[in-house]
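Undergrad: Just passing along the structure, written as structure tokens.
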Amino acid sequence: MLMLSAINLPGGVQRRRTQEDELNMRTLFQENDLISAEVQQFYGDGTMALHTRSHKYGKLEGGVLVKVPPLLIKRSKQHFHSLPCGVDVILANNGYCWVAPARPPLPSTLCTDSLPSSSPPPSASPMDVSVRVTSAEVREKVARVRNAIEVLGRACMAISAPSVMLVYSESLQASLAPHAMLHPNNLRAVTALARAAQDQADRDGPSTCFPSV
């Protein structure tokens, strides 16, 4: 259940919701829209209360969805990741993974004043979707990240931002096209580094370092 009061309005406007907002609700969300939201509360009848009152939540557009077994998603305090290859991913606990080109930063007038000066500016809201031309290079990166997640799922390996980047890097070093990553003959090769890192992490503790690309 997503209440109107729990929605972040376009542009990050902070004000009381009005009857006009109720009438225009379908301009924000419609049936079958794909959204990212945070579970706020569970009710006794099993209903969940959701909210999208943050710039990072909202309608998801301009990317691709990957479904993997939920138990493979590595539990983390942060499930929104901006990968060093210029791709944003959401690795949700329910097994739904969203992959899209990195969003531009918010304009300075919309940035939160409470952020420390050393913090990077937040990204634009998924709801503030503008028509952007995505280059072939960026689309290929999105496809490669998407297939890296798919490969990890097929190999029954833990899925996290570092493991995705390991598979991504290995596919580049092997000069594999994104579609070739899914070939059964290449699956073991592109997951070799991720499997070795996972085995090492099991012995020494998890690593948070990204590989260079």
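By order of appearance in the structure tokens: chains A, B, ..., then residues from 1 within every chain, and ligands from 1 in the order shown.
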Please identify all polymer residues within 9 Å of Asn186 in chain A, counting only C-alpha atoms, omitting same-chain residues fewer than 5 positions from it, and present them as a VMD selection string.

TA: chain A and resid 171 176 180 to 181 191

Undergrad: Let's have the selection written as a PDB file, in the first residue's frame, with all heavy atoms.

TA:
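Just written: part-v8.pdb:
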ATOM      1  N   SER A 171      34.821 -10.274 -17.972  1.00  0.00           N
ATOM      2  CA  SER A 171      34.270 -10.370 -19.327  1.00  0.00           C
ATOM      3  C   SER A 171      34.978  -9.416 -20.277  1.00  0.00           C
ATOM      4  O   SER A 171      35.165  -9.724 -21.459  1.00  0.00           O
ATOM      5  CB  SER A 171      32.764 -10.087 -19.312  1.00  0.00           C
ATOM      6  OG  SER A 171      32.493  -8.724 -19.015  1.00  0.00           O
ATOM      7  N   LEU A 176      34.759 -10.580 -24.299  1.00  0.00           N
ATOM      8  CA  LEU A 176      33.454 -11.175 -24.579  1.00  0.00           C
ATOM      9  C   LEU A 176      32.413 -10.085 -24.783  1.00  0.00           C
ATOM     10  O   LEU A 176      32.370  -9.109 -24.024  1.00  0.00           O
ATOM     11  CB  LEU A 176      33.018 -12.078 -23.431  1.00  0.00           C
ATOM     12  CG  LEU A 176      33.829 -13.354 -23.193  1.00  0.00           C
ATOM     13  CD1 LEU A 176      33.335 -14.050 -21.930  1.00  0.00           C
ATOM     14  CD2 LEU A 176      33.726 -14.288 -24.392  1.00  0.00           C
ATOM     15  N   ALA A 180      27.629 -12.889 -25.103  1.00  0.00           N
ATOM     16  CA  ALA A 180      28.465 -14.083 -25.006  1.00  0.00           C
ATOM     17  C   ALA A 180      28.719 -14.487 -23.558  1.00  0.00           C
ATOM     18  O   ALA A 180      29.083 -15.639 -23.292  1.00  0.00           O
ATOM     19  CB  ALA A 180      29.794 -13.856 -25.724  1.00  0.00           C
ATOM     20  N   MET A 181      28.514 -13.560 -22.606  1.00  0.00           N
ATOM     21  CA  MET A 181      28.712 -13.888 -21.194  1.00  0.00           C
ATOM     22  C   MET A 181      27.758 -14.981 -20.735  1.00  0.00           C
ATOM     23  O   MET A 181      28.059 -15.732 -19.799  1.00  0.00           O
ATOM     24  CB  MET A 181      28.523 -12.631 -20.332  1.00  0.00           C
ATOM     25  CG  MET A 181      29.514 -11.516 -20.604  1.00  0.00           C
ATOM     26  SD  MET A 181      29.036  -9.957 -19.807  1.00  0.00           S
ATOM     27  CE  MET A 181      29.028 -10.418 -18.074  1.00  0.00           C
ATOM     28  N   THR A 191      33.209 -16.074 -14.071  1.00  0.00           N
ATOM     29  CA  THR A 191      32.948 -16.072 -12.629  1.00  0.00           C
ATOM     30  C   THR A 191      34.153 -16.540 -11.819  1.00  0.00           C
ATOM     31  O   THR A 191      34.068 -16.628 -10.592  1.00  0.00           O
ATOM     32  CB  THR A 191      31.744 -16.973 -12.290  1.00  0.00           C
ATOM     33  OG1 THR A 191      32.006 -18.314 -12.739  1.00  0.00           O
ATOM     34  CG2 THR A 191      30.467 -16.448 -12.924  1.00  0.00           C
TER      35      THR A 191
END

Undergrad: Excluding range 67-78 of chain A and any residue of its chain fewer than 2 positions from it, enumerate the residues within 10 Å of it, using only C-alpha atoms, and give them as a list in words.

TA: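 So the residues in contact are Leu65, Phe80, His81, Ile90, Leu91, Ala92, Asn93, Asn94, Gly95, Tyr96, Cys97, Trp98, Ile149, Glu150, Val151, Leu152, Gly153, Arg154, Cys156, Met157, Ala158, Ile159, Ser160, Ala161 and Ser163 of chain A.
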
Undergrad: Got time to write the residues from that selection, C-alpha atoms, as a PDB file, in the first residue's frame?

TA:
ATOM      1  CA  LEU A  65      15.062  -5.516 -14.570  1.00  0.00           C
ATOM      2  CA  PHE A  80      21.643   1.358  -4.189  1.00  0.00           C
ATOM      3  CA  HIS A  81      25.016   1.331  -5.919  1.00  0.00           C
ATOM      4  CA  ILE A  90      19.567  -1.588  -7.152  1.00  0.00           C
ATOM      5  CA  LEU A  91      20.105  -4.995  -5.573  1.00  0.00           C
ATOM      6  CA  ALA A  92      16.875  -5.499  -3.650  1.00  0.00           C
ATOM      7  CA  ASN A  93      16.392  -8.128  -0.962  1.00  0.00           C
ATOM      8  CA  ASN A  94      13.423  -9.551  -2.877  1.00  0.00           C
ATOM      9  CA  GLY A  95      15.711 -10.617  -5.732  1.00  0.00           C
ATOM     10  CA  TYR A  96      14.702  -7.860  -8.129  1.00  0.00           C
ATOM     11  CA  CYS A  97      17.747  -6.076  -9.540  1.00  0.00           C
ATOM     12  CA  TRP A  98      17.424  -2.836 -11.479  1.00  0.00           C
ATOM     13  CA  ILE A 149      24.071 -10.318 -12.456  1.00  0.00           C
ATOM     14  CA  GLU A 150      22.392 -13.018 -14.546  1.00  0.00           C
ATOM     15  CA  VAL A 151      25.642 -15.036 -14.675  1.00  0.00           C
ATOM     16  CA  LEU A 152      26.091 -14.840 -10.904  1.00  0.00           C
ATOM     17  CA  GLY A 153      22.511 -16.017 -10.474  1.00  0.00           C
ATOM     18  CA  ARG A 154      23.017 -18.988 -12.792  1.00  0.00           C
ATOM     19  CA  CYS A 156      24.365 -19.657  -7.558  1.00  0.00           C
ATOM     20  CA  MET A 157      26.911 -17.144  -6.261  1.00  0.00           C
ATOM     21  CA  ALA A 158      26.401 -14.226  -3.883  1.00  0.00           C
ATOM     22  CA  ILE A 159      25.390 -11.057  -5.714  1.00  0.00           C
ATOM     23  CA  SER A 160      26.842  -7.763  -4.517  1.00  0.00           C
ATOM     24  CA  ALA A 161      28.338  -4.684  -6.144  1.00  0.00           C
ATOM     25  CA  SER A 163      31.026  -9.462  -7.277  1.00  0.00           C
TER      26      SER A 163
END

Undergrad: Using only C-alpha atoms, pick whichever of A:Asn185, A:Gln200, A:Pro178, A:Val66 has the shortest atom-to-atom distance to Glu137 in chain A.

TA: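 Of the candidates, the smallest distance to Glu137 in chain A is held by A:Pro178.
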
Undergrad: Quick one: pull the distance between CA of Tyr168 in chain A and CA of Arg188 in chain A, Å, one decimal.

TA: 13.3 Å

Undergrad: Given only C-alpha atoms as the basis, pick out the residue of A:Glu170, A:Asp199, A:Glu140, A:Asp88 nearest to Lys56 in chain A.

TA: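 Closest residue, counting only C-alpha atoms: A:Asp88.
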